[in-house]
$ cat target28.csv   # CSV, C-alpha atoms
chain,number,residue,atom,x,y,z
A,17,MET,CA,-179.3,-133.5,5.0
A,18,ILE,CA,-181.9,-130.9,6.3
A,19,ARG,CA,-179.1,-128.6,7.4
A,20,THR,CA,-177.5,-128.9,3.9
A,21,SER,CA,-180.7,-128.2,2.1
A,22,ILE,CA,-181.5,-125.1,4.3
A,23,LEU,CA,-177.9,-123.8,3.7
A,24,THR,CA,-178.2,-124.3,0.0
A,25,LEU,CA,-181.6,-122.5,-0.2
A,26,VAL,CA,-180.1,-119.5,1.8
A,27,LEU,CA,-177.1,-119.4,-0.6
A,28,ILE,CA,-179.3,-119.5,-3.7
A,29,LEU,CA,-181.7,-116.8,-2.4
A,30,SER,CA,-178.8,-114.6,-1.5
A,31,ALA,CA,-177.4,-114.9,-5.0
A,32,PHE,CA,-180.5,-113.2,-6.4
A,33,SER,CA,-179.9,-110.0,-4.4
A,34,SER,CA,-177.9,-107.4,-6.3
A,35,GLN,CA,-176.4,-106.3,-3.0
A,36,ALA,CA,-175.4,-109.8,-2.0
A,37,GLN,CA,-171.9,-111.0,-1.4
A,38,TYR,CA,-170.6,-113.7,-3.7
A,39,ILE,CA,-170.9,-117.2,-2.4
A,40,PRO,CA,-167.5,-118.6,-1.6
A,41,ILE,CA,-166.0,-121.6,-3.5
A,42,SER,CA,-163.4,-124.0,-2.2
A,43,GLU,CA,-160.4,-125.5,-4.1
A,44,THR,CA,-162.1,-128.9,-4.0
A,45,ALA,CA,-165.3,-127.6,-5.6
A,46,GLU,CA,-166.4,-129.0,-9.0
A,47,VAL,CA,-167.7,-127.2,-12.0
A,48,SER,CA,-169.5,-129.4,-14.5
A,49,ILE,CA,-171.8,-129.5,-17.5
A,50,LEU,CA,-175.0,-131.4,-17.2
A,51,THR,CA,-176.5,-132.8,-20.5
A,52,ILE,CA,-180.0,-134.1,-20.5
A,53,GLY,CA,-181.4,-136.4,-23.2
A,54,PRO,CA,-184.6,-135.9,-25.2
A,55,GLY,CA,-188.1,-136.0,-23.8
A,56,ASP,CA,-191.6,-136.7,-25.3
A,57,ALA,CA,-192.8,-133.2,-26.1
A,58,LEU,CA,-191.5,-131.4,-29.2
A,59,TYR,CA,-189.7,-128.7,-27.2
A,60,ASP,CA,-187.9,-131.5,-25.2
A,61,LYS,CA,-186.8,-133.5,-28.3
A,62,PHE,CA,-183.5,-131.6,-28.5
A,63,GLY,CA,-182.3,-132.2,-24.9
A,64,HIS,CA,-181.1,-129.7,-22.3
A,65,SER,CA,-177.9,-128.3,-20.8
A,66,ALA,CA,-177.0,-126.7,-17.5
A,67,PHE,CA,-174.1,-125.9,-15.2
A,68,ARG,CA,-173.6,-127.6,-11.9
A,69,ILE,CA,-171.5,-126.2,-9.1
A,70,LYS,CA,-170.8,-128.7,-6.3
A,71,ASP,CA,-168.8,-127.7,-3.2
A,72,GLU,CA,-168.7,-130.3,-0.4
A,73,ILE,CA,-166.7,-128.1,2.0
A,74,HIS,CA,-169.3,-125.3,1.9
A,75,GLN,CA,-172.1,-127.8,1.5
A,76,TYR,CA,-173.9,-126.6,-1.5
A,77,ASP,CA,-174.8,-128.2,-4.8
A,78,ILE,CA,-176.4,-125.7,-7.2
A,79,VAL,CA,-177.6,-126.0,-10.8
A,80,TYR,CA,-177.5,-122.9,-13.1
A,81,ASN,CA,-180.2,-123.4,-15.7
A,82,TYR,CA,-180.6,-121.0,-18.7
A,83,GLY,CA,-183.7,-122.7,-20.0
A,84,VAL,CA,-186.4,-121.1,-17.8
A,85,TYR,CA,-189.2,-118.7,-18.7
A,86,ASP,CA,-192.0,-117.1,-16.7
A,87,PHE,CA,-195.5,-118.0,-17.6
A,88,SER,CA,-196.8,-115.0,-15.6
A,89,THR,CA,-195.1,-112.7,-18.1
A,90,PRO,CA,-197.7,-110.2,-19.5
A,91,ASN,CA,-198.8,-111.1,-23.0
A,92,PHE,CA,-196.8,-114.4,-22.7
A,93,TYR,CA,-198.2,-116.1,-25.8
A,94,THR,CA,-198.0,-113.0,-28.0
A,95,LYS,CA,-194.4,-112.4,-27.0
A,96,PHE,CA,-193.6,-116.1,-27.5
A,97,ALA,CA,-195.1,-116.0,-31.0
A,98,ARG,CA,-193.3,-112.8,-31.9
A,99,GLY,CA,-189.9,-114.1,-30.6
A,100,LYS,CA,-189.8,-111.4,-27.9
A,101,LEU,CA,-190.1,-113.6,-24.9
A,102,LEU,CA,-187.3,-113.3,-22.4
A,103,TYR,CA,-185.8,-116.5,-21.0
A,104,LEU,CA,-184.1,-116.6,-17.5
A,105,LEU,CA,-181.1,-118.0,-15.8
A,106,ALA,CA,-182.6,-119.8,-12.8
A,107,THR,CA,-180.8,-121.5,-9.9
A,108,GLU,CA,-182.0,-124.5,-8.0
A,109,SER,CA,-180.6,-127.4,-5.8
A,110,TYR,CA,-179.1,-130.3,-7.8
A,111,GLU,CA,-181.2,-133.1,-6.3
A,112,PRO,CA,-184.7,-131.7,-7.3
A,113,PHE,CA,-183.2,-130.9,-10.7
A,114,LEU,CA,-182.0,-134.5,-11.2
A,115,THR,CA,-185.2,-136.0,-9.8
A,116,ARG,CA,-187.3,-134.0,-12.3
A,117,TYR,CA,-185.5,-135.6,-15.3
A,118,LYS,CA,-185.5,-139.0,-13.7
A,119,ARG,CA,-189.2,-138.7,-13.4
A,120,GLN,CA,-189.3,-137.9,-17.1
A,121,ASP,CA,-187.1,-140.9,-17.8
A,122,ARG,CA,-184.5,-138.7,-19.7
A,123,TRP,CA,-180.8,-139.7,-19.4
A,124,VAL,CA,-178.5,-137.3,-17.6
A,125,LYS,CA,-174.7,-137.1,-18.1
A,126,GLU,CA,-172.2,-135.0,-16.3
A,127,GLN,CA,-168.8,-133.7,-17.5
A,128,ILE,CA,-166.6,-132.4,-14.7
A,129,LEU,CA,-164.4,-129.7,-16.0
A,130,ASN,CA,-160.7,-129.7,-15.6
A,131,LEU,CA,-160.4,-126.2,-14.1
A,132,ASN,CA,-157.9,-124.9,-11.6
A,133,GLU,CA,-159.1,-123.0,-8.5
A,134,THR,CA,-158.9,-119.6,-10.2
A,135,GLU,CA,-160.9,-120.8,-13.2
A,136,LYS,CA,-163.5,-122.4,-11.0
A,137,GLU,CA,-164.0,-119.2,-9.0
A,138,ALA,CA,-164.1,-117.1,-12.2
A,139,VAL,CA,-166.9,-119.4,-13.7
A,140,PHE,CA,-168.8,-119.4,-10.4
A,141,ARG,CA,-168.6,-115.6,-10.0
A,142,PHE,CA,-169.8,-115.1,-13.6
A,143,LEU,CA,-172.8,-117.4,-13.0
A,144,GLN,CA,-173.6,-115.7,-9.7
A,145,ASP,CA,-173.5,-112.3,-11.3
A,146,ASN,CA,-175.6,-113.5,-14.2
A,147,ALA,CA,-178.2,-114.9,-11.8
A,148,LYS,CA,-178.9,-111.5,-10.3
A,149,PRO,CA,-182.4,-110.1,-11.1
A,150,GLU,CA,-181.1,-107.4,-13.3
A,151,ASN,CA,-178.9,-109.8,-15.3
A,152,ARG,CA,-180.7,-113.0,-15.5
A,153,ALA,CA,-183.1,-112.3,-18.5
A,154,TYR,CA,-182.0,-112.8,-22.1
A,155,LYS,CA,-183.7,-112.8,-25.4
A,156,TYR,CA,-184.0,-116.4,-26.5
A,157,ASP,CA,-182.9,-117.6,-30.0
A,158,PHE,CA,-183.2,-121.3,-30.9
A,159,PHE,CA,-180.0,-121.4,-32.9
A,160,TYR,CA,-177.8,-118.6,-31.4
A,161,ASP,CA,-178.8,-118.0,-27.8
A,162,ASN,CA,-180.4,-120.9,-25.9
A,163,CYS,CA,-179.7,-123.1,-22.9
A,164,ALA,CA,-177.0,-125.0,-24.8
A,165,THR,CA,-175.2,-122.0,-26.5
A,166,LYS,CA,-175.0,-120.3,-23.1
A,167,ILE,CA,-172.8,-123.1,-21.8
A,168,ARG,CA,-170.3,-122.5,-24.7
A,169,ASP,CA,-170.6,-118.7,-24.4
A,170,VAL,CA,-170.0,-118.6,-20.6
A,171,LEU,CA,-166.9,-120.8,-20.9
A,172,GLN,CA,-165.5,-118.7,-23.8
A,173,GLU,CA,-166.2,-115.5,-21.9
A,174,VAL,CA,-164.5,-116.7,-18.7
A,175,LEU,CA,-161.6,-118.8,-20.1
A,176,GLY,CA,-161.0,-116.7,-23.2
A,177,ASP,CA,-158.3,-117.8,-25.7
A,178,ARG,CA,-157.1,-120.6,-23.3
A,179,LEU,CA,-160.2,-122.6,-24.4
A,180,THR,CA,-160.1,-124.1,-27.9
A,181,TYR,CA,-162.7,-126.3,-29.5
A,182,SER,CA,-161.9,-128.8,-32.2
A,183,GLU,CA,-162.6,-127.8,-35.8
A,184,THR,CA,-164.0,-131.3,-36.5
A,185,ILE,CA,-167.1,-132.3,-34.7
A,186,SER,CA,-168.8,-134.6,-37.2
A,187,GLU,CA,-167.6,-136.8,-40.1
A,188,GLU,CA,-169.7,-134.8,-42.6
A,189,PRO,CA,-170.9,-131.2,-42.7
A,190,TYR,CA,-174.5,-130.5,-41.8
A,191,THR,CA,-176.9,-127.6,-42.2
A,192,PHE,CA,-178.9,-126.3,-39.3
A,193,ARG,CA,-181.9,-128.1,-40.7
A,194,ASP,CA,-180.0,-131.4,-40.9
A,195,LEU,CA,-179.0,-131.0,-37.2
A,196,ILE,CA,-182.6,-130.4,-36.1
A,197,GLN,CA,-184.0,-133.3,-38.1
A,198,HIS,CA,-181.5,-135.7,-36.6
A,199,ASN,CA,-183.7,-135.4,-33.5
A,200,LEU,CA,-187.0,-135.9,-35.3
A,201,ALA,CA,-188.7,-138.5,-37.4
A,202,TRP,CA,-189.1,-136.9,-40.9
A,203,ASN,CA,-192.8,-138.1,-41.1
A,204,SER,CA,-193.9,-136.5,-37.9
A,205,TRP,CA,-195.9,-133.4,-37.3
A,206,GLY,CA,-193.1,-131.7,-35.4
A,207,SER,CA,-190.8,-132.2,-38.4
A,208,LEU,CA,-193.4,-130.9,-40.8
A,209,GLY,CA,-194.1,-127.8,-38.7
A,210,ILE,CA,-190.4,-127.0,-38.5
A,211,ASP,CA,-189.9,-127.5,-42.3
A,212,ILE,CA,-192.8,-125.2,-43.1
A,213,ALA,CA,-192.2,-122.5,-40.5
A,214,LEU,CA,-188.4,-122.1,-40.8
A,215,GLY,CA,-186.8,-120.6,-43.9
A,216,ALA,CA,-183.8,-121.0,-46.1
A,217,VAL,CA,-181.6,-119.3,-43.6
A,218,ILE,CA,-181.3,-122.7,-41.7
A,219,ASP,CA,-180.2,-124.5,-44.9
A,220,LYS,CA,-176.8,-123.1,-44.7
A,221,GLU,CA,-173.9,-125.3,-43.5
A,222,ALA,CA,-173.3,-124.8,-39.8
A,223,THR,CA,-169.7,-124.2,-38.5
A,224,PRO,CA,-168.4,-126.6,-35.8
A,225,ILE,CA,-168.9,-124.0,-33.1
A,226,GLU,CA,-172.5,-123.4,-34.3
A,227,TYR,CA,-173.3,-127.0,-33.8
A,228,GLN,CA,-173.5,-126.2,-30.1
A,229,PHE,CA,-177.0,-124.9,-30.3
A,230,LEU,CA,-177.9,-128.5,-29.5
A,231,PRO,CA,-177.0,-130.0,-26.1
A,232,ASP,CA,-175.6,-133.2,-27.7
A,233,TYR,CA,-173.0,-131.2,-29.5
A,234,VAL,CA,-172.2,-129.2,-26.4
A,235,PHE,CA,-171.3,-132.5,-24.9
A,236,LYS,CA,-169.3,-133.7,-27.9
A,237,ALA,CA,-167.5,-130.4,-28.3
A,238,SER,CA,-166.6,-130.2,-24.6
A,239,GLU,CA,-165.3,-133.8,-24.8
A,240,ASN,CA,-162.7,-132.7,-27.4
A,241,ALA,CA,-162.0,-129.2,-26.2
A,242,LYS,CA,-158.6,-128.2,-24.9
A,243,LEU,CA,-157.4,-125.8,-22.2
A,244,GLN,CA,-154.1,-124.1,-22.7
A,245,ARG,CA,-152.0,-123.5,-19.6
A,246,GLY,CA,-148.6,-122.1,-20.4
A,247,HIS,CA,-146.9,-124.5,-22.8
A,248,THR,CA,-149.1,-127.4,-21.9
A,249,SER,CA,-152.6,-128.3,-23.2
A,250,LYS,CA,-155.1,-130.3,-21.2
A,251,PRO,CA,-158.6,-131.7,-21.9
A,252,LEU,CA,-161.4,-129.4,-20.8
A,253,VAL,CA,-163.3,-132.4,-19.4
A,254,LYS,CA,-161.6,-134.2,-16.5
A,255,ASN,CA,-164.3,-136.9,-15.9
A,256,THR,CA,-167.6,-138.0,-17.5
A,257,ALA,CA,-170.3,-139.9,-15.7
A,258,THR,CA,-173.8,-141.0,-16.5
A,259,LEU,CA,-176.0,-139.9,-13.6
A,260,TYR,CA,-179.2,-141.5,-14.9
A,261,GLU,CA,-179.7,-144.0,-17.7
A,262,SER,CA,-183.0,-143.8,-19.5
A,263,THR,CA,-185.1,-146.9,-19.8
A,264,ARG,CA,-187.4,-145.6,-22.6
A,265,THR,CA,-187.8,-147.5,-25.8
A,266,LYS,CA,-188.4,-146.0,-29.2
A,267,VAL,CA,-192.1,-145.6,-29.7
A,268,SER,CA,-193.3,-146.7,-33.2
A,269,SER,CA,-195.3,-144.1,-35.0
A,270,ASN,CA,-198.8,-144.5,-36.2
A,271,PHE,CA,-198.6,-144.1,-40.0
A,272,ILE,CA,-202.4,-143.5,-40.3
A,273,MET,CA,-202.0,-140.4,-38.2
A,274,SER,CA,-198.8,-139.2,-39.9
A,275,PRO,CA,-198.5,-136.1,-42.1
A,276,LEU,CA,-197.6,-138.2,-45.2
A,277,PHE,CA,-200.7,-140.3,-44.9
A,278,ILE,CA,-203.0,-137.3,-44.1
A,279,PHE,CA,-201.7,-135.2,-47.0
A,280,GLY,CA,-201.7,-138.3,-49.2
A,281,ILE,CA,-205.5,-138.7,-48.6
A,282,ILE,CA,-206.0,-134.9,-49.2
A,283,ALA,CA,-204.1,-135.2,-52.4
A,284,LEU,CA,-206.1,-138.1,-53.6
A,285,VAL,CA,-209.3,-136.3,-52.9
A,286,ILE,CA,-208.1,-133.2,-54.9
A,287,ILE,CA,-207.0,-135.3,-57.8
A,288,TYR,CA,-210.2,-137.4,-57.8
A,289,LEU,CA,-212.4,-134.3,-57.8
A,290,THR,CA,-210.2,-132.8,-60.6
A,291,VAL,CA,-210.5,-136.0,-62.8
A,292,ARG,CA,-214.3,-135.9,-62.1
A,293,ASP,CA,-214.5,-132.3,-63.1
A,294,PHE,CA,-212.5,-133.0,-66.3
A,295,ARG,CA,-214.8,-135.8,-67.3
A,296,ASN,CA,-218.0,-133.7,-66.6
A,297,ASN,CA,-216.5,-130.5,-67.9
A,298,LYS,CA,-217.3,-128.8,-64.6
A,299,ARG,CA,-215.5,-127.1,-61.8
A,300,SER,CA,-215.8,-127.8,-58.1
A,301,ARG,CA,-215.9,-124.2,-57.0
A,302,PHE,CA,-215.9,-125.0,-53.3
A,303,LEU,CA,-212.7,-127.0,-53.7
A,304,ASP,CA,-210.9,-124.1,-55.4
A,305,ALA,CA,-212.1,-121.6,-52.8
A,306,LEU,CA,-210.9,-124.0,-50.0
A,307,ILE,CA,-207.5,-124.4,-51.6
A,308,PHE,CA,-207.1,-120.7,-52.0
A,309,PHE,CA,-208.2,-120.1,-48.4
A,310,VAL,CA,-206.0,-122.7,-46.8
A,311,THR,CA,-202.8,-122.0,-48.8
A,312,GLY,CA,-203.4,-118.2,-48.5
A,313,LEU,CA,-203.9,-118.4,-44.8
A,314,ALA,CA,-200.8,-120.5,-44.4
A,315,GLY,CA,-198.9,-117.9,-46.5
A,316,ALA,CA,-200.2,-115.1,-44.3
A,317,LEU,CA,-198.9,-116.8,-41.2
A,318,LEU,CA,-195.5,-117.4,-42.8
A,319,LEU,CA,-195.3,-113.8,-43.9
A,320,PHE,CA,-196.1,-112.8,-40.3
A,321,LEU,CA,-193.3,-115.1,-39.0
A,322,TRP,CA,-190.9,-113.5,-41.5
A,323,PHE,CA,-191.6,-109.8,-41.1
A,324,GLY,CA,-193.7,-109.5,-37.9
A,325,THR,CA,-191.5,-111.4,-35.5
A,326,ASP,CA,-187.9,-111.4,-34.2
A,327,HIS,CA,-187.4,-115.1,-35.0
A,328,THR,CA,-184.2,-115.2,-37.1
A,329,ALA,CA,-184.9,-118.7,-38.4
A,330,THR,CA,-188.2,-117.8,-40.1
A,331,TYR,CA,-186.6,-115.4,-42.6
A,332,THR,CA,-186.4,-116.0,-46.3
A,333,ASN,CA,-189.0,-118.8,-46.3
A,334,TYR,CA,-189.7,-120.1,-49.8
A,335,ASN,CA,-192.7,-122.1,-48.5
A,336,LEU,CA,-194.4,-118.9,-49.6
A,337,LEU,CA,-194.1,-120.1,-53.2
A,338,TRP,CA,-196.8,-122.8,-52.5
A,339,ALA,CA,-198.6,-120.9,-49.7
A,340,PHE,CA,-199.0,-117.6,-51.4
A,341,PRO,CA,-200.7,-115.0,-49.2
A,342,LEU,CA,-202.7,-113.2,-52.0
A,343,SER,CA,-204.8,-116.4,-52.5
A,344,LEU,CA,-206.5,-115.6,-49.2
A,345,LEU,CA,-207.9,-112.4,-50.7
A,346,PHE,CA,-209.1,-114.2,-53.8
A,347,CYS,CA,-210.7,-117.3,-52.3
A,348,VAL,CA,-214.2,-115.7,-52.6
A,349,LEU,CA,-213.6,-114.6,-56.1
A,350,ILE,CA,-212.4,-118.0,-57.3
A,351,GLY,CA,-215.5,-119.6,-55.7
A,352,LYS,CA,-217.9,-117.7,-57.9
A,353,ALA,CA,-219.7,-119.3,-60.8
A,354,LYS,CA,-218.2,-116.7,-63.2
A,355,PRO,CA,-214.8,-115.6,-61.8
A,356,LYS,CA,-212.9,-112.6,-63.1
A,357,SER,CA,-211.0,-113.3,-66.3
A,358,TRP,CA,-207.7,-112.2,-64.8
A,359,LEU,CA,-207.9,-115.1,-62.3
A,360,GLN,CA,-206.8,-117.4,-65.1
A,361,ARG,CA,-203.5,-115.5,-65.2
A,362,TYR,CA,-203.2,-115.6,-61.4
A,363,VAL,CA,-203.6,-119.4,-61.3
A,364,PHE,CA,-201.0,-119.7,-64.1
A,365,PHE,CA,-198.8,-117.5,-61.9
A,366,LEU,CA,-199.3,-120.0,-59.0
A,367,ILE,CA,-198.1,-122.8,-61.3
A,368,LEU,CA,-194.9,-120.8,-62.0
A,369,LEU,CA,-194.4,-120.3,-58.3
A,370,LEU,CA,-194.7,-124.0,-57.6
A,371,ALA,CA,-192.2,-124.7,-60.4
A,372,LEU,CA,-189.8,-122.1,-58.8
A,373,MET,CA,-190.3,-123.9,-55.4
A,374,PHE,CA,-189.3,-127.2,-56.9
A,375,PHE,CA,-186.2,-125.5,-58.5
A,376,HIS,CA,-185.2,-124.1,-55.1
A,377,TRP,CA,-185.6,-127.6,-53.6
A,378,PHE,CA,-183.5,-129.4,-56.3
A,379,THR,CA,-180.8,-126.7,-56.2
A,380,GLY,CA,-180.5,-126.8,-52.4
A,381,VAL,CA,-181.6,-123.2,-51.7
A,382,GLN,CA,-184.2,-124.6,-49.2
A,383,VAL,CA,-185.3,-128.0,-48.1
A,384,PHE,CA,-189.1,-128.5,-47.9
A,385,ALA,CA,-191.2,-131.0,-46.0
A,386,LYS,CA,-191.2,-134.4,-47.8
A,387,ALA,CA,-194.6,-135.2,-46.3
A,388,LEU,CA,-196.0,-132.3,-48.4
A,389,ILE,CA,-195.0,-133.9,-51.7
A,390,PRO,CA,-198.5,-135.5,-52.4
A,391,PHE,CA,-200.3,-132.3,-51.6
A,392,LEU,CA,-197.9,-130.2,-53.8
A,393,ILE,CA,-198.4,-132.6,-56.7
A,394,ALA,CA,-202.2,-132.3,-56.3
A,395,LEU,CA,-201.9,-128.5,-56.3
A,396,VAL,CA,-200.0,-128.7,-59.6
A,397,VAL,CA,-202.7,-131.0,-61.1
A,398,ARG,CA,-205.6,-128.8,-59.9
A,399,TYR,CA,-204.0,-125.5,-61.0
A,400,ILE,CA,-203.3,-126.9,-64.5
A,401,TYR,CA,-206.9,-128.0,-64.9
A,402,LEU,CA,-208.1,-124.7,-63.5
A,403,VAL,CA,-206.1,-122.7,-66.0
A,404,GLY,CA,-207.5,-124.7,-68.9
A,405,TYR,CA,-211.1,-124.5,-67.6
A,406,LEU,CA,-211.0,-120.7,-66.9
A,407,LYS,CA,-209.4,-120.2,-70.3
A,408,ARG,CA,-212.3,-122.0,-72.0
A,409,GLU,CA,-214.8,-120.0,-69.9
A,410,ASN,CA,-213.2,-116.7,-70.8
A,411,LYS,CA,-213.2,-117.6,-74.5
A,412,GLU,CA,-216.8,-118.5,-74.3
A,413,ALA,CA,-217.7,-115.3,-72.5
A,414,VAL,CA,-215.9,-113.3,-75.2
A,415,ASN,CA,-217.7,-115.2,-78.0
A,416,ASN,CA,-221.1,-114.8,-76.4
A,417,GLY,CA,-220.3,-111.1,-75.6

$ encode --input "target28.csv" --output "structure tokens"
Amino acid sequence: MIRTSILTLVLILSAFSSQAQYIPISETAEVSILTIGPGDALYDKFGHSAFRIKDEIHQYDIVYNYGVYDFSTPNFYTKFARGKLLYLLATESYEPFLTRYKRQDRWVKEQILNLNETEKEAVFRFLQDNAKPENRAYKYDFFYDNCATKIRDVLQEVLGDRLTYSETISEEPYTFRDLIQHNLAWNSWGSLGIDIALGAVIDKEATPIEYQFLPDYVFKASENAKLQRGHTSKPLVKNTATLYESTRTKVSSNFIMSPLFIFGIIALVIIYLTVRDFRNNKRSRFLDALIFFVTGLAGALLLFLWFGTDHTATYTNYNLLWAFPLSLLFCVLIGKAKPKSWLQRYVFFLILLLALMFFHWFTGVQVFAKALIPFLIALVVRYIYLVGYLKRENKEAVNNG
């Protein structure tokens, strides 16, 4: 066992050298896809995929993992936020890899591929070459270039037209947003964040091949894929095994800490203060300033994600219709006892934007977070009252002037 581990380590380290010879592979070696189930953290909710190369004759068992990034990267968080962080292909021994996911209690499944000796060698050589220091980095994209899509892309690159995936991968069509939300509870903070941060570009229907940005669909697509050899067609997967079965049970969520409850309370406070203002013919200036500040700040962040980053999924985000960035500039003005007369027209403009947002929602242009509904209704109520109040104030100012 010690001898095998040392040999494996030497082989892995040699693979990182650009001058290194390729590691040999025997005809009995196995090339397989490893699929890992979801974990507890948001970034683990969608599972994971990797390649495994096992060769008992040459005594190595290596995992090729495209889901690694380097925390020591200069300006790590800035690059991550701007979508410029490079991910890496890393290699490691199989046993520590499996142990790590067992410790996290995440199920692990293996699909041994039905490859001949030439195909195995071609896949292995591709992975070894890709693992060299000058080749191992790639620009991560959640939908189009991640640990799961790399599995599909490597196999398509190596096997070419001989590999065909089924055109039917699910009983009904799904958008990219649908596919994400299958892994999340709708009334969770992770789901809310995704629905706010990601734009209308993910509300288009995904093609069967595009489903494979998720490890589960890499597994399903590989299960039904075919390899053409001459006039015969064979399944891509020769054998499937469960390497570890998770014992985790579904954790019930705390509704009191959920987005719907929190935004429901916020909405009730806004509506209560608005009703009180209506009865007293007054205006809670701090509330209006706070609403402008919060929605404006949210809009500025969304605008940055759209135009200031390389994240393709944050484009065309119509959450800007309720989180309008200009409100951030006007939060001090709306908080004054005698705001400018033109602010009445601006608030009316905000009402029109909210109406347009609901139109986009009902027509399917973009799906918005359901947990936000109470807050959005409260915004409509507040803005309608504010327009009326400012209109009366402006009229009185003209009459007194």

$ closest_residue --input "target28.csv" --among "A:Lys250, A:Lys148, A:Lys100, A:Lys166" --to "Ala66 of chain A" --atoms "all atoms listed in the file"
A:Lys166

$ residues_around --input "target28.csv" --residues "segment 264-281 of chain A" --least-positions-apart "4" --cutoff "8 Å" --atoms "only C-alpha atoms" --output "PyMOL selection string"
chain A and resi 121+203-205+208+285+386-388+390-391

$ closest_residue --input "target28.csv" --among "A:Ala106, A:Ala329, A:Val124, A:Leu306" --to "Leu50 of chain A" --atoms "all atoms listed in the file"
A:Val124

$ residues_around --input "target28.csv" --residues "Phe62 of chain A" --least-positions-apart "3" --cutoff "10 Å" --atoms "all atoms listed in the file" --output "MDAnalysis selection string"
chainID A and resid 52:55 57:59 164 195:200 229:232

$ atom_distance --input "target28.csv" --atom1 "atom CA of Thr258 of chain A" --atom2 "atom CA of Trp123 of chain A"
7.7 Å

$ decode --input "target28.csv" --residues "segment 120-160 of chain A" --atoms "C-alpha atoms" --output "PDB file, in the first residue's frame"
ATOM      1  CA  GLN A 120     -18.935  15.398   3.978  1.00  0.00           C
ATOM      2  CA  ASP A 121     -21.544  12.610   3.722  1.00  0.00           C
ATOM      3  CA  ARG A 122     -22.109  13.226   0.004  1.00  0.00           C
ATOM      4  CA  TRP A 123     -22.971  10.278  -2.205  1.00  0.00           C
ATOM      5  CA  VAL A 124     -20.443   9.237  -4.843  1.00  0.00           C
ATOM      6  CA  LYS A 125     -21.263   7.300  -8.011  1.00  0.00           C
ATOM      7  CA  GLU A 126     -18.920   5.931 -10.657  1.00  0.00           C
ATOM      8  CA  GLN A 127     -19.586   5.263 -14.344  1.00  0.00           C
ATOM      9  CA  ILE A 128     -16.887   3.123 -15.943  1.00  0.00           C
ATOM     10  CA  LEU A 129     -16.671   4.057 -19.610  1.00  0.00           C
ATOM     11  CA  ASN A 130     -16.909   1.488 -22.362  1.00  0.00           C
ATOM     12  CA  LEU A 131     -13.702   2.555 -24.120  1.00  0.00           C
ATOM     13  CA  ASN A 132     -11.234   0.451 -26.091  1.00  0.00           C
ATOM     14  CA  GLU A 133      -7.505   0.640 -25.458  1.00  0.00           C
ATOM     15  CA  THR A 134      -6.893   3.384 -28.023  1.00  0.00           C
ATOM     16  CA  GLU A 135      -9.725   5.526 -26.644  1.00  0.00           C
ATOM     17  CA  LYS A 136      -8.556   5.081 -23.047  1.00  0.00           C
ATOM     18  CA  GLU A 137      -5.052   6.154 -23.991  1.00  0.00           C
ATOM     19  CA  ALA A 138      -6.388   9.157 -25.921  1.00  0.00           C
ATOM     20  CA  VAL A 139      -8.485  10.343 -22.953  1.00  0.00           C
ATOM     21  CA  PHE A 140      -5.617   9.785 -20.521  1.00  0.00           C
ATOM     22  CA  ARG A 141      -3.098  11.610 -22.726  1.00  0.00           C
ATOM     23  CA  PHE A 142      -5.507  14.524 -23.114  1.00  0.00           C
ATOM     24  CA  LEU A 143      -5.922  14.781 -19.323  1.00  0.00           C
ATOM     25  CA  GLN A 144      -2.183  14.513 -18.694  1.00  0.00           C
ATOM     26  CA  ASP A 145      -1.497  17.247 -21.215  1.00  0.00           C
ATOM     27  CA  ASN A 146      -4.274  19.403 -19.760  1.00  0.00           C
ATOM     28  CA  ALA A 147      -2.797  18.965 -16.258  1.00  0.00           C
ATOM     29  CA  LYS A 148       0.518  20.591 -17.208  1.00  0.00           C
ATOM     30  CA  PRO A 149       1.142  23.936 -15.491  1.00  0.00           C
ATOM     31  CA  GLU A 150       0.827  25.884 -18.726  1.00  0.00           C
ATOM     32  CA  ASN A 151      -2.516  24.214 -19.627  1.00  0.00           C
ATOM     33  CA  ARG A 152      -4.322  23.550 -16.375  1.00  0.00           C
ATOM     34  CA  ALA A 153      -5.951  26.973 -15.824  1.00  0.00           C
ATOM     35  CA  TYR A 154      -9.268  27.937 -17.429  1.00  0.00           C
ATOM     36  CA  LYS A 155     -11.747  30.772 -17.038  1.00  0.00           C
ATOM     37  CA  TYR A 156     -14.680  29.425 -15.059  1.00  0.00           C
ATOM     38  CA  ASP A 157     -18.276  29.951 -16.180  1.00  0.00           C
ATOM     39  CA  PHE A 158     -21.079  28.427 -14.101  1.00  0.00           C
ATOM     40  CA  PHE A 159     -23.195  27.448 -17.118  1.00  0.00           C
ATOM     41  CA  TYR A 160     -20.715  26.892 -19.928  1.00  0.00           C
TER      42      TYR A 160
END
